[in-house]
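One file, my_file05.tsv, carrying TSV, N, CA and C atoms:
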chain	number	residue	atom	x	y	z
A	1	MET	N	-17.69	165.41	2.30
A	1	MET	CA	-17.76	164.07	1.72
A	1	MET	C	-16.35	163.53	1.54
A	2	SER	N	-16.07	162.36	2.13
A	2	SER	CA	-14.73	161.79	2.06
A	2	SER	C	-14.46	161.17	0.68
A	3	LYS	N	-13.21	160.83	0.43
A	3	LYS	CA	-12.84	160.21	-0.84
A	3	LYS	C	-13.58	158.90	-1.04
A	4	ASN	N	-13.70	158.12	0.04
A	4	ASN	CA	-14.41	156.84	-0.06
A	4	ASN	C	-15.88	157.04	-0.40
A	5	GLU	N	-16.51	158.06	0.20
A	5	GLU	CA	-17.91	158.33	-0.09
A	5	GLU	C	-18.10	158.77	-1.54
A	6	LYS	N	-17.19	159.60	-2.05
A	6	LYS	CA	-17.26	160.04	-3.44
A	6	LYS	C	-17.10	158.85	-4.38
A	7	LEU	N	-16.13	157.98	-4.07
A	7	LEU	CA	-15.91	156.81	-4.91
A	7	LEU	C	-17.11	155.88	-4.86
A	8	LEU	N	-17.68	155.68	-3.70
A	8	LEU	CA	-18.86	154.82	-3.56
A	8	LEU	C	-20.01	155.36	-4.39
A	9	THR	N	-20.21	156.66	-4.38
A	9	THR	CA	-21.25	157.29	-5.18
A	9	THR	C	-21.02	157.03	-6.67
A	10	ARG	N	-19.78	157.22	-7.13
A	10	ARG	CA	-19.45	156.97	-8.54
A	10	ARG	C	-19.65	155.51	-8.89
A	11	LEU	N	-19.25	154.64	-7.99
A	11	LEU	CA	-19.35	153.20	-8.21
A	11	LEU	C	-20.81	152.77	-8.33
A	12	LEU	N	-21.65	153.27	-7.45
A	12	LEU	CA	-23.06	152.88	-7.45
A	12	LEU	C	-23.84	153.48	-8.62
A	13	ARG	N	-23.38	154.60	-9.15
A	13	ARG	CA	-24.03	155.20	-10.33
A	13	ARG	C	-23.81	154.36	-11.58
A	14	ALA	N	-22.70	153.64	-11.61
A	14	ALA	CA	-22.36	152.74	-12.73
A	14	ALA	C	-22.20	153.47	-14.05
A	15	THR	N	-21.69	154.69	-14.02
A	15	THR	CA	-21.52	155.44	-15.26
A	15	THR	C	-20.08	155.48	-15.75
A	16	SER	N	-19.12	155.16	-14.87
A	16	SER	CA	-17.73	155.28	-15.30
A	16	SER	C	-16.87	154.13	-14.76
A	17	ASP	N	-17.28	152.89	-15.04
A	17	ASP	CA	-16.55	151.73	-14.55
A	17	ASP	C	-15.11	151.69	-15.05
A	18	ALA	N	-14.86	152.24	-16.22
A	18	ALA	CA	-13.51	152.21	-16.79
A	18	ALA	C	-12.60	153.27	-16.18
A	19	ASN	N	-13.15	154.17	-15.38
A	19	ASN	CA	-12.34	155.26	-14.82
A	19	ASN	C	-12.27	155.23	-13.30
A	20	ILE	N	-12.27	154.04	-12.71
A	20	ILE	CA	-12.16	153.90	-11.27
A	20	ILE	C	-10.72	153.51	-10.95
A	21	GLY	N	-10.07	154.27	-10.11
A	21	GLY	CA	-8.69	153.99	-9.74
A	21	GLY	C	-8.57	152.69	-8.95
A	22	PHE	N	-7.55	151.90	-9.27
A	22	PHE	CA	-7.36	150.60	-8.63
A	22	PHE	C	-7.09	150.75	-7.13
A	23	GLU	N	-6.16	151.61	-6.77
A	23	GLU	CA	-5.83	151.80	-5.35
A	23	GLU	C	-7.02	152.32	-4.56
A	24	ALA	N	-7.79	153.21	-5.16
A	24	ALA	CA	-8.97	153.76	-4.49
A	24	ALA	C	-10.01	152.67	-4.26
A	25	LEU	N	-10.17	151.78	-5.24
A	25	LEU	CA	-11.13	150.67	-5.09
A	25	LEU	C	-10.69	149.72	-3.98
A	26	CYS	N	-9.39	149.45	-3.92
A	26	CYS	CA	-8.86	148.60	-2.84
A	26	CYS	C	-9.10	149.25	-1.49
A	27	GLN	N	-8.87	150.56	-1.39
A	27	GLN	CA	-9.10	151.30	-0.14
A	27	GLN	C	-10.56	151.21	0.27
A	28	LEU	N	-11.47	151.34	-0.69
A	28	LEU	CA	-12.90	151.28	-0.40
A	28	LEU	C	-13.27	149.91	0.18
A	29	LEU	N	-12.74	148.85	-0.43
A	29	LEU	CA	-13.04	147.51	0.07
A	29	LEU	C	-12.50	147.32	1.49
A	30	LYS	N	-11.30	147.83	1.74
A	30	LYS	CA	-10.73	147.73	3.10
A	30	LYS	C	-11.58	148.50	4.10
A	31	SER	N	-12.14	149.63	3.68
A	31	SER	CA	-12.97	150.42	4.58
A	31	SER	C	-14.26	149.70	4.94
A	32	PHE	N	-14.69	148.76	4.08
A	32	PHE	CA	-15.87	147.95	4.37
A	32	PHE	C	-15.53	146.72	5.19
A	33	GLY	N	-14.26	146.58	5.56
A	33	GLY	CA	-13.86	145.47	6.42
A	33	GLY	C	-13.33	144.25	5.68
A	34	PHE	N	-13.07	144.38	4.39
A	34	PHE	CA	-12.50	143.26	3.64
A	34	PHE	C	-11.03	143.11	4.00
A	35	GLU	N	-10.56	141.87	4.03
A	35	GLU	CA	-9.15	141.59	4.24
A	35	GLU	C	-8.51	141.38	2.88
A	36	GLU	N	-7.31	141.94	2.71
A	36	GLU	CA	-6.62	141.87	1.43
A	36	GLU	C	-5.44	140.92	1.53
A	37	ARG	N	-5.32	140.07	0.51
A	37	ARG	CA	-4.16	139.19	0.38
A	37	ARG	C	-3.61	139.42	-1.02
A	38	ILE	N	-2.31	139.58	-1.15
A	38	ILE	CA	-1.72	139.88	-2.45
A	38	ILE	C	-0.86	138.71	-2.90
A	39	LYS	N	-1.11	138.27	-4.12
A	39	LYS	CA	-0.33	137.19	-4.71
A	39	LYS	C	0.02	137.62	-6.13
A	40	GLY	N	1.22	138.13	-6.31
A	40	GLY	CA	1.61	138.68	-7.61
A	40	GLY	C	0.85	139.96	-7.86
A	41	SER	N	0.17	140.04	-9.00
A	41	SER	CA	-0.63	141.23	-9.31
A	41	SER	C	-2.08	141.07	-8.85
A	42	HIS	N	-2.39	139.92	-8.27
A	42	HIS	CA	-3.76	139.65	-7.82
A	42	HIS	C	-3.95	140.14	-6.38
A	43	HIS	N	-4.95	140.96	-6.19
A	43	HIS	CA	-5.33	141.43	-4.86
A	43	HIS	C	-6.64	140.73	-4.54
A	44	ILE	N	-6.59	139.86	-3.55
A	44	ILE	CA	-7.73	139.00	-3.23
A	44	ILE	C	-8.37	139.51	-1.95
A	45	PHE	N	-9.67	139.82	-2.03
A	45	PHE	CA	-10.40	140.39	-0.91
A	45	PHE	C	-11.44	139.40	-0.41
A	46	THR	N	-11.43	139.19	0.90
A	46	THR	CA	-12.42	138.32	1.54
A	46	THR	C	-12.98	139.02	2.77
A	47	LYS	N	-14.17	138.58	3.16
A	47	LYS	CA	-14.79	139.13	4.37
A	47	LYS	C	-15.72	138.08	4.95
A	48	ASP	N	-15.70	137.94	6.27
A	48	ASP	CA	-16.62	137.02	6.93
A	48	ASP	C	-18.05	137.40	6.61
A	49	GLY	N	-18.88	136.40	6.31
A	49	GLY	CA	-20.28	136.66	6.01
A	49	GLY	C	-20.56	136.96	4.55
A	50	ILE	N	-19.50	137.06	3.75
A	50	ILE	CA	-19.67	137.32	2.31
A	50	ILE	C	-19.07	136.15	1.55
A	51	GLU	N	-19.92	135.49	0.78
A	51	GLU	CA	-19.53	134.28	0.08
A	51	GLU	C	-18.50	134.53	-1.02
A	52	GLU	N	-18.71	135.61	-1.75
A	52	GLU	CA	-17.86	135.90	-2.90
A	52	GLU	C	-16.44	136.28	-2.47
A	53	ILE	N	-15.50	135.87	-3.29
A	53	ILE	CA	-14.10	136.29	-3.13
A	53	ILE	C	-13.82	137.22	-4.30
A	54	LEU	N	-13.38	138.42	-3.99
A	54	LEU	CA	-13.09	139.41	-5.04
A	54	LEU	C	-11.61	139.36	-5.39
A	55	ASN	N	-11.31	139.03	-6.63
A	55	ASN	CA	-9.94	138.93	-7.11
A	55	ASN	C	-9.73	140.07	-8.10
A	56	LEU	N	-8.99	141.09	-7.68
A	56	LEU	CA	-8.82	142.29	-8.51
A	56	LEU	C	-7.39	142.38	-9.03
A	57	GLN	N	-7.27	142.90	-10.24
A	57	GLN	CA	-5.96	143.17	-10.83
A	57	GLN	C	-6.01	144.54	-11.49
A	58	PRO	N	-4.92	145.29	-11.38
A	58	PRO	CA	-4.92	146.61	-12.02
A	58	PRO	C	-4.75	146.51	-13.53
A	59	LYS	N	-5.30	147.50	-14.21
A	59	LYS	CA	-5.06	147.69	-15.65
A	59	LYS	C	-4.45	149.08	-15.73
A	60	GLY	N	-3.14	149.13	-15.68
A	60	GLY	CA	-2.47	150.42	-15.52
A	60	GLY	C	-2.72	150.89	-14.11
A	61	SER	N	-3.24	152.10	-13.94
A	61	SER	CA	-3.54	152.61	-12.60
A	61	SER	C	-5.03	152.47	-12.27
A	62	ASP	N	-5.81	151.96	-13.23
A	62	ASP	CA	-7.25	151.81	-13.02
A	62	ASP	C	-7.61	150.35	-12.75
A	63	ALA	N	-8.80	150.15	-12.22
A	63	ALA	CA	-9.35	148.81	-12.03
A	63	ALA	C	-10.00	148.37	-13.34
A	64	LYS	N	-10.05	147.07	-13.56
A	64	LYS	CA	-10.71	146.56	-14.76
A	64	LYS	C	-12.22	146.75	-14.62
A	65	PRO	N	-12.87	147.23	-15.68
A	65	PRO	CA	-14.30	147.54	-15.59
A	65	PRO	C	-15.17	146.37	-15.13
A	66	TYR	N	-14.89	145.15	-15.59
A	66	TYR	CA	-15.74	144.03	-15.17
A	66	TYR	C	-15.54	143.72	-13.70
A	67	GLN	N	-14.36	144.02	-13.15
A	67	GLN	CA	-14.12	143.79	-11.73
A	67	GLN	C	-14.80	144.88	-10.89
A	68	VAL	N	-14.88	146.09	-11.42
A	68	VAL	CA	-15.62	147.17	-10.75
A	68	VAL	C	-17.08	146.76	-10.63
A	69	LYS	N	-17.62	146.16	-11.70
A	69	LYS	CA	-19.01	145.69	-11.70
A	69	LYS	C	-19.20	144.60	-10.65
A	70	GLN	N	-18.23	143.70	-10.50
A	70	GLN	CA	-18.31	142.64	-9.49
A	70	GLN	C	-18.35	143.25	-8.09
A	71	VAL	N	-17.50	144.25	-7.85
A	71	VAL	CA	-17.48	144.91	-6.54
A	71	VAL	C	-18.83	145.58	-6.29
A	72	ARG	N	-19.37	146.28	-7.29
A	72	ARG	CA	-20.66	146.95	-7.14
A	72	ARG	C	-21.74	145.93	-6.79
A	73	ASN	N	-21.75	144.79	-7.49
A	73	ASN	CA	-22.76	143.77	-7.24
A	73	ASN	C	-22.67	143.24	-5.81
A	74	VAL	N	-21.47	143.05	-5.29
A	74	VAL	CA	-21.31	142.57	-3.91
A	74	VAL	C	-21.79	143.64	-2.92
A	75	ILE	N	-21.45	144.90	-3.18
A	75	ILE	CA	-21.88	145.99	-2.29
A	75	ILE	C	-23.40	146.06	-2.26
A	76	LEU	N	-24.03	145.93	-3.42
A	76	LEU	CA	-25.50	145.99	-3.48
A	76	LEU	C	-26.15	144.74	-2.88
A	77	GLN	N	-25.61	143.57	-3.21
A	77	GLN	CA	-26.20	142.31	-2.75
A	77	GLN	C	-26.19	142.22	-1.22
A	78	TYR	N	-25.09	142.62	-0.61
A	78	TYR	CA	-24.95	142.52	0.84
A	78	TYR	C	-25.29	143.83	1.56
A	79	GLN	N	-25.78	144.81	0.81
A	79	GLN	CA	-26.20	146.10	1.34
A	79	GLN	C	-25.12	146.74	2.22
A	80	LEU	N	-23.89	146.71	1.72
A	80	LEU	CA	-22.77	147.27	2.47
A	80	LEU	C	-22.84	148.79	2.52
A	81	ALA	N	-23.39	149.41	1.50
A	81	ALA	CA	-23.45	150.88	1.44
A	81	ALA	C	-24.43	151.44	2.45
A	82	SER	N	-25.45	150.67	2.82
A	82	SER	CA	-26.45	151.18	3.78
A	82	SER	C	-25.88	151.26	5.19
A	83	GLY	N	-24.93	150.39	5.51
A	83	GLY	CA	-24.33	150.43	6.84
A	83	GLY	C	-23.03	151.19	6.83
A	84	GLU	N	-22.89	152.12	5.94
A	84	GLU	CA	-21.64	152.83	5.66
A	84	GLU	C	-20.69	152.94	6.83
A	85	LYS	N	-19.69	152.06	6.80
A	85	LYS	CA	-18.63	152.10	7.79
A	85	LYS	C	-17.34	152.46	7.08
A	86	THR	N	-17.36	153.49	6.29
A	86	THR	CA	-16.17	153.87	5.55
A	86	THR	C	-15.24	154.66	6.46
A	87	ASP	N	-14.04	154.14	6.62
A	87	ASP	CA	-13.03	154.80	7.46
A	87	ASP	C	-12.16	155.66	6.58
A	88	GLU	N	-11.77	156.80	7.09
A	88	GLU	CA	-10.77	157.60	6.37
A	88	GLU	C	-10.08	158.52	7.32
Full structure transcribed into structure tokens:
Amino acid sequence: MSKNEKLLTRLLRATSDANIGFEALCQLLKSFGFEERIKGSHHIFTKDGIEEILNLQPKGSDAKPYQVKQVRNVILQYQLASGEKTDE
């Protein structure tokens, strides 16, 4: 099981939103084909076919819990986990 798969499992379980690493979350989004644009501390992720724009900021070395929830909702809404194209 790759790092991205382990993170995806933790993310979808929704039990530890406050303990998800920011860099790992960014890597996971990139593995799903999101494009990243950085403006200051804001990491903005977009993808063709997905309406939502994910704007993430680190809280120390972790992602903010409410932003982890937003990422989870997008993954579930667009069924990104079912077509698992996680690169590593």
Open item on the list: So, with only N, CA and C atoms as the atoms that count, which of A:Pro65, A:Thr46, A:Ser2, A:Leu80 lies closest to Ser16 (chain A)?
Closed with: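 Checking each candidate against Ser16 (chain A), we get A:Pro65 as the closest.
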Task: Spatial neighbours of Lys64 (chain A), max dist 8 Å, only N, CA and C atoms, sep filter under 3 positions, as a ChimeraX atom specification - done: /A:17-22,56-61,67-70
- [ ] Counting only N, CA and C atoms, figure out which residue out of A:Leu7, A:Gln77, A:Glu52, A:Phe45 gets nearest to Lys30 (chain A).
- [x]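 Looking at the shortest contact to Lys30 (chain A), the residue is A:Phe45.
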TODO: Take CA of Lys3 (chain A) and CA of Ile50 (chain A) and report the distance between them in Å, one decimal.
DONE: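 Those two atoms sit 24.1 Å apart.
We find CA of Asp48 (chain A) and CA of Thr9 (chain A) to be spaced 24.1 Å apart.
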Open item on the list: I need the strand (DSSP E or B) residues of chain A per DSSP on the backbone, written as a list in words.
Closed with: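 Matching residues, listed in order: Gly21, Glu35, Glu36, Arg37, Ile38, Lys39, His42, His43, Ile44, Phe45, Thr46, Lys47, Ile50, Glu51, Glu52, Ile53, Leu54, Asn55, Leu56, Pro58, Lys59, Asp62 and Ala63 of chain A.
Between CA of Arg37 (chain A) and CA of Leu76 (chain A) there is a distance of 22.7 Å.
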Please enclose the listed atoms of region 46-50 of chain A in an axis-aligned box, pad each side by 5 Å, and write out the centre and the three edge lengths in Å, rounded to one decimal, as JSON.
{"center_x": -16.0, "center_y": 137.7, "center_z": 3.9, "size_x": 19.1, "size_y": 13.0, "size_z": 16.0}
- [ ] Using DSSP on the backbone coordinates, identify all residues within chain A classified as helix (DSSP H, G or I); present the result as a ChimeraX atom specification.
- [x] /A:3-13,17-19,22-31,65-77
- [ ] Could you check which of A:Val74, A:Ala81, A:Ala63, A:Leu12 is closest to Leu25 (chain A), using all atoms listed in the file?
- [x] A:Ala63
Task: Which residue of A:Leu8, A:Ala14, A:Ile53, A:Met1 approaches Phe34 (chain A) most closely, using only C-alpha atoms - done: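 Ranking A:Leu8, A:Ala14, A:Ile53, A:Met1 by distance to Phe34 (chain A), first place goes to A:Ile53.
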- [ ] Measuring atom to atom with only N, CA and C atoms, identify which of A:Leu11, A:Gly33, A:Ile38, A:Gly49 is nearest to Val71 (chain A).
- [x]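 Ranking A:Leu11, A:Gly33, A:Ile38, A:Gly49 by distance to Val71 (chain A), first place goes to A:Leu11.
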What would region 4-15 of chain A look like with N, CA, C and O atoms restored, written as a short mmCIF file (atom, residue, chain, number, x, y, z; two decimals), in the frame of the given file?
data_model
loop_
_atom_site.label_atom_id
_atom_site.label_comp_id
_atom_site.auth_asym_id
_atom_site.auth_seq_id
_atom_site.Cartn_x
_atom_site.Cartn_y
_atom_site.Cartn_z
N ASN A 4 -13.70 158.12 0.04
CA ASN A 4 -14.41 156.84 -0.06
C ASN A 4 -15.88 157.04 -0.40
O ASN A 4 -16.45 156.29 -1.18
N GLU A 5 -16.51 158.06 0.20
CA GLU A 5 -17.91 158.33 -0.09
C GLU A 5 -18.10 158.77 -1.54
O GLU A 5 -19.05 158.36 -2.21
N LYS A 6 -17.19 159.60 -2.05
CA LYS A 6 -17.26 160.04 -3.44
C LYS A 6 -17.10 158.85 -4.38
O LYS A 6 -17.83 158.72 -5.38
N LEU A 7 -16.13 157.98 -4.07
CA LEU A 7 -15.91 156.81 -4.91
C LEU A 7 -17.11 155.88 -4.86
O LEU A 7 -17.55 155.36 -5.90
N LEU A 8 -17.68 155.68 -3.70
CA LEU A 8 -18.86 154.82 -3.56
C LEU A 8 -20.01 155.36 -4.39
O LEU A 8 -20.71 154.60 -5.09
N THR A 9 -20.21 156.66 -4.38
CA THR A 9 -21.25 157.29 -5.18
C THR A 9 -21.02 157.03 -6.67
O THR A 9 -21.94 156.63 -7.39
N ARG A 10 -19.78 157.22 -7.13
CA ARG A 10 -19.45 156.97 -8.54
C ARG A 10 -19.65 155.51 -8.89
O ARG A 10 -20.16 155.17 -9.97
N LEU A 11 -19.25 154.64 -7.99
CA LEU A 11 -19.35 153.20 -8.21
C LEU A 11 -20.81 152.77 -8.33
O LEU A 11 -21.17 152.02 -9.24
N LEU A 12 -21.65 153.27 -7.45
CA LEU A 12 -23.06 152.88 -7.45
C LEU A 12 -23.84 153.48 -8.62
O LEU A 12 -24.84 152.91 -9.05
N ARG A 13 -23.38 154.60 -9.15
CA ARG A 13 -24.03 155.20 -10.33
C ARG A 13 -23.81 154.36 -11.58
O ARG A 13 -24.58 154.44 -12.53
N ALA A 14 -22.70 153.64 -11.61
CA ALA A 14 -22.36 152.74 -12.73
C ALA A 14 -22.20 153.47 -14.05
O ALA A 14 -22.53 152.94 -15.10
N THR A 15 -21.69 154.69 -14.02
CA THR A 15 -21.52 155.44 -15.26
C THR A 15 -20.08 155.48 -15.75
O THR A 15 -19.84 155.81 -16.90
#
